[in-house]
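Below is one structure; the comments refer to it alone.
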Amino acid sequence: MNDDVRNIVLGVIATALSGGFGWFTRTYQWRRALRRKQAFFGLPTGSDCLFVVNRQMGGTDSSLHRNDAFALLEVSALIKDCGATVQIVTHDGARQGFGDRAEFCVGGPVSNTRTTAHLASMLPGVRVDVSSEPGPDRGAISVGGETYRWEPGRAEYVLLARLTRGRGTRPVFLLSGQTANSNQAAARYLARHHRQLARTYGGESFCVVLKVINSDAYGPDVTELVADVTRPARTPAAAAA
């Protein structure tokens, strides 16, 4: 074997080793990212989760606002990425506990009775004005001494929470907005920022307030984090006072 042939053979071997190492590294990183994502959402491969849909405010019990349907699509993509399956149930048909499987609950207490139960049992420091009468406090979210008022078309607020009962239990993700548009915005924020949320909170419970800005122009696309209200939200209002 002359020097030219030997150099060609060595080059091929080096290329193969480099390519194999690169493939192994990318596969390892992808699998590690997937495991972290599955752990955050409580969705191991082959698991089942619950998606609780609300009713359209002002509509029939079975009607669903299109933005809430879009929120379902946003969340469904996350579930599919984790290799899990989803069962969709209506808010008044989800008569079961939580912790055995992951749950995504969409809609405020006006349109989702399941949200009402979750707020009462796991976020007792949150108050939502459910009055149907027009007024500045209609739909307002109060927590931690602050009140977040809905300004139609200009500012909408939504609670995004990950709630667990302890280690070994699956989380409930609560997307409780003042409008269907804000529900979708919370789902989109969760899809885009779940890695950052996982780094910040790990496997612990959290509750944050998001603000949807100028929805008349931007829909659910422009959303900012306003406050982390985890501690006051989980503290009963009387105790906080």
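Naming works like this for the structure tokens: A, B, ... for the chains as they're shown, residue 1 at the start of each chain, ligands 1 onward in shown order.
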
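Taking only C-alpha atoms, the non-local environment of Leu225 (chain A) within 9 Å (same-chain residues fewer than 4 positions away omitted) comprises Val208, Val209, Leu210 and Lys211 of chain A.
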
Strand (DSSP E) per DSSP on the backbone: members of region 73-216 of chain A, as a PyMOL selection string = chain A and resi 85-90+103-106+127-128+141-143+146-148+155-163+172-177+206-213

With only C-alpha atoms as the counted atoms, please give the residues lying no more than 10 Å from Thr45 (chain A), apart from itself and same-chain residues fewer than 4 positions off, as a JSON list (two decimals) with C-alpha atoms, in the first residue's frame.
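New file result.json:
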```json
[["chain", "number", "residue", "atom", "x", "y", "z"],
["A", 34, "LEU", "CA", -36.88, 14.71, 25.41],
["A", 35, "ARG", "CA", -36.55, 13.18, 28.89],
["A", 38, "GLN", "CA", -41.42, 14.50, 29.43],
["A", 79, "ILE", "CA", -48.19, 15.89, 23.88],
["A", 80, "LYS", "CA", -47.32, 14.27, 20.55],
["A", 81, "ASP", "CA", -43.65, 15.29, 20.91],
["A", 82, "CYS", "CA", -43.54, 13.47, 24.25],
["A", 83, "GLY", "CA", -44.95, 10.30, 22.71],
["A", 84, "ALA", "CA", -48.13, 10.44, 24.79],
["A", 85, "THR", "CA", -51.82, 10.34, 23.94]]
```

Work out how far apart CA of Gly166 (chain A) and CA of Ala191 (chain A) are and give it in Å to one decimal.
->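 CA of Gly166 (chain A) sits 23.5 Å away from CA of Ala191 (chain A).
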
Neighbour list for Leu197 (chain A) as a VMD selection string, cut-off 12 Å, only C-alpha atoms, skip fewer than 6 positions in-chain | chain A and resid 36 to 37 40 to 41 160 to 162 189 to 191 203 to 208 225 228

Just asking: which residues within region 130-189 of chain A are helix (DSSP H, G or I) according to DSSP, as number ranges by chain?
-> A: 180-189

Take CA of Val53 (chain A) and CA of Asn112 (chain A) and report the distance between them in Å, one decimal.
->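 According to the coordinates, CA of Val53 (chain A) and CA of Asn112 (chain A) are separated by 7.5 Å.
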
Taking 5 positions as the minimum chain separation for residues in the same chain, which residues sit within 9 Å of Phe98 (chain A) when counting only C-alpha atoms? Answer as a compact mmCIF listing (two decimals) with C-alpha atoms, in the first residue's frame.
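Saved to selection39.txt:
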```txt
# COMPACT_ATOMS: atom_id res chain seq x y z
CA GLU A 103 -53.91 17.26 32.87
CA THR A 164 -48.63 19.02 41.70
CA ARG A 165 -49.47 17.29 44.95
CA THR A 169 -47.68 12.63 40.96
CA ARG A 170 -48.44 13.98 37.50
CA PRO A 171 -48.97 17.74 37.11
CA VAL A 172 -52.03 19.78 36.27
```

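Of the residues listed (A:Arg31, A:His193, A:Arg154, A:Arg101), A:Arg101 shows the shortest atom-to-atom separation from Asp48 (chain A); distances use only C-alpha atoms.
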
For Gln178 (chain A), work out the shell of residues within 8 Å, counting only C-alpha atoms and skipping chain neighbours fewer than 2 positions away, then give it as a PyMOL selection string.
-> chain A and resi 107-108+139-140+150+156-158+176+180+182-183
